[in-house]
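Please read the structure below before turning to the comments.
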Amino acid sequence: LQNVRIDPSSISFNMWKVVPVPFYLSVHFFEVLNPQQVLEGAKPVLSQRGPYVYREYRHKTNITFHDNDTVSFLEYRNLFFQPDMSNGTEEDYVVVPNILMMGAAVMMEKLPDIFKVLLSGALASMKQKAFMNRTVGEIMWGYEDPLIDTINAFVPGLIPFKGKFGLFVEFNNSNSGLFTVNTGMKNISQVHMVDSWNGLKKVNYWRSSGCNMINGTSGEMWPPFMSPTSVEFYSPDACRSMTLVYEQSGEFKGVPTYRFVAPKTLFANGTDYPPNEGFCPCLQSGIQNVSTCRLNAPMFISHPHFYNADPSLVSAVVGLHPNKDQHALFLDVHPMTGIPMNCSIKLQLNLYIKRVSGIMQTGNIKPVVLPLLWFAESGSIEGSVLNQFYTNLVLFPSLLEYLQYILLGLSVPLIISAAVLVVMNK
């Protein structure tokens, strides 16, 4: 118990403070092979590119212990491209939707026509098109685009940011918000459980109290002595708490584990799974609308290749092949300590695109949830860290348990002998 608390004297503290194991972010892009035909109403044909792999380093700063058995911290992520592990370079060009333009078009659909006509004219003068051919590095880490200033001029506040635009521009060299979690010093069953995030007990992105709840841990460790049921964690990237369910028991390099996976209801819509109604307005099951926490852009998250989603999402495009082995997420946790041994968390980012009357650049695009990319954050304990973990938190406890039974076994005949002697002396 002492070794799994958040305490500088515990074995797991340094592992919690600075993740000591290799962690990788692998990104796969979906290139649109027939952009002109899509503009004319054809079904998008996609080709998966990548993976583009990054070594991820995490460390905590501003660690502050409080009197109420909690500790606050900021966790920073730093990413470094790994050419030898990647299938391509950051200089690779990929044809994808013009995310800024297509997103703004859908966001402006209900505004007066005059705004859309003016924007359409401005887009034409800047030679903006519905699809763009940019490098992997630009799409991920940002590129300067005069469209940002133009949109801000026509509809102030529609996209409340300036400068570069990139899908991962706020992911690198940044933190995921101020977490305050329980240390477990007084109640070990609450260790790592989130007390607040950015000072909030719940968020306000969603339409129900249940969906806005901040439940579980920060996603790094869980309380010890786990039961084979479920685990919860709050994900700032998904703007919500997520529950994974027990699938099976197993081992990772000699360490017993419980495997937790995403239930089919994780991204189900409110019709198929009523508790998720608060995440709506929804489209088909298997995708979650995250527009309310992504600047109101028509963005959706899902499992890669629409795994576990409504089949109509897969059939709306060409080139997706969902399967469990490649696209399901999992988490292998040592149940006695609550420490993850092996994990791969996978998510897909999608953009809802369509023809918007008054904006000629959208052509005759049929409404479709178009996959942009999917990524996996993966890591496993290995090397000296695994050896230390196995020796101190698996081997020694097991030996002590066996020793307990041996001593108990030896004590039985001693007790019987003593009892016999007492009877004989009488």
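Here, A, B, ... name the chains of the structure tokens in the order displayed, residue numbers run from 1 inside each chain, and ligands are numbered from 1 in the same displayed order.
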
| task | Show which residues sit within 10 Å of Leu119 (chain A), as number ranges by chain. Count only C-alpha atoms, and ignore same-chain residues fewer than 3 positions away. | result | A: 101, 104-105, 108, 113-116, 122-125, 147, 150-151, 153-155, 358-360

| query | Running DSSP on the backbone, which parts of region 30-268 of chain A land in strand (DSSP E), as a ChimeraX atom specification? | reply | /A:30-32,46-65,70-81,93-97,131-135,174-182,194-197,230-235,240-252,255-261

| Residues within 7 Å of region 270-285 of chain A, only C-alpha atoms, excluding chain neighbours under 6 positions, as a ChimeraX atom specification | /A:206-208,211,309-310

Contacts of Thr243 (chain A) at 8 Å or less, counting only C-alpha atoms, minus same-chain residues fewer than 3 places along, as a compact mmCIF listing (two decimals) with N, CA and C atoms, in the first residue's frame?
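What landed in part06.txt:
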# COMPACT_ATOMS: atom_id res chain seq x y z
N SER A 230 -14.49 -2.65 -14.50
CA SER A 230 -14.27 -1.53 -15.42
C SER A 230 -13.28 -0.55 -14.81
N VAL A 231 -12.74 0.34 -15.65
CA VAL A 231 -11.90 1.45 -15.20
C VAL A 231 -12.40 2.72 -15.87
N GLU A 232 -12.24 3.84 -15.17
CA GLU A 232 -12.66 5.13 -15.71
C GLU A 232 -11.50 6.11 -15.69
N PHE A 233 -11.49 7.04 -16.64
CA PHE A 233 -10.50 8.11 -16.64
C PHE A 233 -11.07 9.30 -17.39
N ALA A 262 -12.68 -0.83 -24.88
CA ALA A 262 -13.82 0.08 -25.04
C ALA A 262 -15.10 -0.73 -25.29
N PRO A 263 -16.18 -0.45 -24.58
CA PRO A 263 -17.46 -1.11 -24.88
C PRO A 263 -18.02 -0.56 -26.19
N LEU A 266 -19.37 3.06 -26.20
CA LEU A 266 -18.55 4.23 -25.87
C LEU A 266 -18.93 5.44 -26.71

| said: Run DSSP on the backbone and tell me which residues of region 110-291 of chain A come out as alpha helix (DSSP H); list them as an MDAnalysis selection string. | reply: chainID A and resid 113:125 136:141 146:154 209:212

Produce a file of the selected residues containing N, CA and C atoms, as a JSON list (two decimals), in the first residue's frame.
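Generated file (result-v3.json):
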[["chain", "number", "residue", "atom", "x", "y", "z"],
["A", 113, "ASP", "N", -27.33, 34.76, -46.23],
["A", 113, "ASP", "CA", -26.62, 34.46, -47.48],
["A", 113, "ASP", "C", -25.54, 35.47, -47.81],
["A", 114, "ILE", "N", -25.73, 36.73, -47.40],
["A", 114, "ILE", "CA", -24.76, 37.77, -47.75],
["A", 114, "ILE", "C", -23.38, 37.43, -47.19],
["A", 115, "PHE", "N", -23.33, 36.85, -45.98],
["A", 115, "PHE", "CA", -22.04, 36.48, -45.38],
["A", 115, "PHE", "C", -21.37, 35.38, -46.21],
["A", 116, "LYS", "N", -22.18, 34.42, -46.64],
["A", 116, "LYS", "CA", -21.63, 33.30, -47.40],
["A", 116, "LYS", "C", -21.15, 33.74, -48.78],
["A", 117, "VAL", "N", -21.89, 34.64, -49.41],
["A", 117, "VAL", "CA", -21.48, 35.15, -50.72],
["A", 117, "VAL", "C", -20.18, 35.93, -50.61],
["A", 118, "LEU", "N", -20.08, 36.77, -49.59],
["A", 118, "LEU", "CA", -18.85, 37.54, -49.38],
["A", 118, "LEU", "C", -17.66, 36.62, -49.12],
["A", 119, "LEU", "N", -17.89, 35.60, -48.28],
["A", 119, "LEU", "CA", -16.81, 34.66, -47.99],
["A", 119, "LEU", "C", -16.41, 33.90, -49.25],
["A", 120, "SER", "N", -17.39, 33.50, -50.03],
["A", 120, "SER", "CA", -17.11, 32.76, -51.27],
["A", 120, "SER", "C", -16.24, 33.59, -52.21],
["A", 121, "GLY", "N", -16.56, 34.88, -52.30],
["A", 121, "GLY", "CA", -15.76, 35.76, -53.15],
["A", 121, "GLY", "C", -14.34, 35.91, -52.62],
["A", 122, "ALA", "N", -14.23, 36.03, -51.31],
["A", 122, "ALA", "CA", -12.90, 36.15, -50.71],
["A", 122, "ALA", "C", -12.09, 34.87, -50.92],
["A", 123, "LEU", "N", -12.75, 33.72, -50.81],
["A", 123, "LEU", "CA", -12.07, 32.44, -51.03],
["A", 123, "LEU", "C", -11.56, 32.34, -52.46],
["A", 124, "ALA", "N", -12.37, 32.82, -53.40],
["A", 124, "ALA", "CA", -11.98, 32.77, -54.81],
["A", 124, "ALA", "C", -10.76, 33.66, -55.05],
["A", 125, "SER", "N", -10.74, 34.83, -54.43],
["A", 125, "SER", "CA", -9.61, 35.74, -54.63],
["A", 125, "SER", "C", -8.32, 35.18, -54.05],
["A", 136, "VAL", "N", 2.76, 16.59, -44.25],
["A", 136, "VAL", "CA", 2.36, 16.01, -42.96],
["A", 136, "VAL", "C", 2.72, 16.97, -41.82],
["A", 137, "GLY", "N", 3.91, 17.55, -41.89],
["A", 137, "GLY", "CA", 4.34, 18.48, -40.84],
["A", 137, "GLY", "C", 3.45, 19.70, -40.74],
["A", 138, "GLU", "N", 3.00, 20.24, -41.89],
["A", 138, "GLU", "CA", 2.12, 21.41, -41.87],
["A", 138, "GLU", "C", 0.76, 21.06, -41.27],
["A", 139, "ILE", "N", 0.20, 19.92, -41.68],
["A", 139, "ILE", "CA", -1.12, 19.55, -41.18],
["A", 139, "ILE", "C", -1.09, 19.31, -39.68],
["A", 140, "MET", "N", 0.00, 18.72, -39.20],
["A", 140, "MET", "CA", 0.10, 18.42, -37.77],
["A", 140, "MET", "C", 0.48, 19.64, -36.94],
["A", 141, "TRP", "N", 1.57, 20.32, -37.33],
["A", 141, "TRP", "CA", 2.15, 21.33, -36.45],
["A", 141, "TRP", "C", 1.83, 22.77, -36.86],
["A", 146, "PRO", "N", -3.87, 32.88, -44.93],
["A", 146, "PRO", "CA", -4.61, 34.16, -44.90],
["A", 146, "PRO", "C", -6.10, 33.94, -44.65],
["A", 147, "LEU", "N", -6.57, 32.72, -44.83],
["A", 147, "LEU", "CA", -7.98, 32.43, -44.60],
["A", 147, "LEU", "C", -8.37, 32.68, -43.15],
["A", 148, "ILE", "N", -7.41, 32.48, -42.23],
["A", 148, "ILE", "CA", -7.70, 32.71, -40.81],
["A", 148, "ILE", "C", -8.12, 34.16, -40.59],
["A", 149, "ASP", "N", -7.33, 35.10, -41.12],
["A", 149, "ASP", "CA", -7.66, 36.52, -40.94],
["A", 149, "ASP", "C", -8.94, 36.89, -41.68],
["A", 150, "THR", "N", -9.16, 36.27, -42.85],
["A", 150, "THR", "CA", -10.37, 36.57, -43.63],
["A", 150, "THR", "C", -11.63, 36.15, -42.89],
["A", 151, "ILE", "N", -11.62, 34.94, -42.35],
["A", 151, "ILE", "CA", -12.79, 34.45, -41.61],
["A", 151, "ILE", "C", -13.02, 35.31, -40.37],
["A", 152, "ASN", "N", -11.94, 35.68, -39.68],
["A", 152, "ASN", "CA", -12.09, 36.53, -38.49],
["A", 152, "ASN", "C", -12.64, 37.90, -38.85],
["A", 153, "ALA", "N", -12.33, 38.38, -40.07],
["A", 153, "ALA", "CA", -12.84, 39.68, -40.51],
["A", 153, "ALA", "C", -14.33, 39.62, -40.84],
["A", 154, "PHE", "N", -14.76, 38.54, -41.53],
["A", 154, "PHE", "CA", -16.17, 38.42, -41.92],
["A", 154, "PHE", "C", -17.07, 38.03, -40.74],
["A", 209, "SER", "N", -25.86, 16.34, -16.98],
["A", 209, "SER", "CA", -24.94, 16.34, -15.84],
["A", 209, "SER", "C", -24.06, 15.10, -15.86],
["A", 210, "GLY", "N", -24.62, 13.96, -16.24],
["A", 210, "GLY", "CA", -23.84, 12.73, -16.29],
["A", 210, "GLY", "C", -22.71, 12.79, -17.28],
["A", 211, "CYS", "N", -22.96, 13.37, -18.45],
["A", 211, "CYS", "CA", -21.92, 13.46, -19.48],
["A", 211, "CYS", "C", -20.85, 14.48, -19.11],
["A", 212, "ASN", "N", -21.20, 15.46, -18.29],
["A", 212, "ASN", "CA", -20.24, 16.49, -17.87],
["A", 212, "ASN", "C", -19.39, 16.08, -16.68]]

| Which residues, written as a list in words, have at least one atom at most 6 Å from region 175-187 of chain A, with only C-alpha atoms counted and residues fewer than 2 positions away on the same chain left out? |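 In the requested form, the answer reads Arg5, Ile6, Asp69, Thr70, Val71, Ser72, Phe73, Leu74, Glu75, Tyr76, Ser189, Gln190, Val191, His192, Met193, Val194, Asp195, Ser196, Trp197 and Asn198 of chain A.
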
| Residue with smallest distance to Lys346 (chain A) - pool A:Tyr390, A:Phe260, A:Phe80, A:Trp374, counting only C-alpha atoms |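 Smallest distance to Lys346 (chain A) is found for A:Trp374.
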
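One distance worth recording is that between CA of Thr337 (chain A) and CA of Tyr246 (chain A), which is 16.2 Å.
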
| message | Would you compute the distance between CA of Thr89 (chain A) and CA of Phe165 (chain A)? Give it in Å to one decimal. | response |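 That distance, rounded to one decimal, is 19.8 Å.
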
| task | Check the smallest atom-to-atom distance from each of A:Phe330, A:Phe267, A:Val290, A:Val21 to Leu244 (chain A) using only C-alpha atoms, then report the winner. | result |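 Closest to Leu244 (chain A) of all the choices is A:Phe330.
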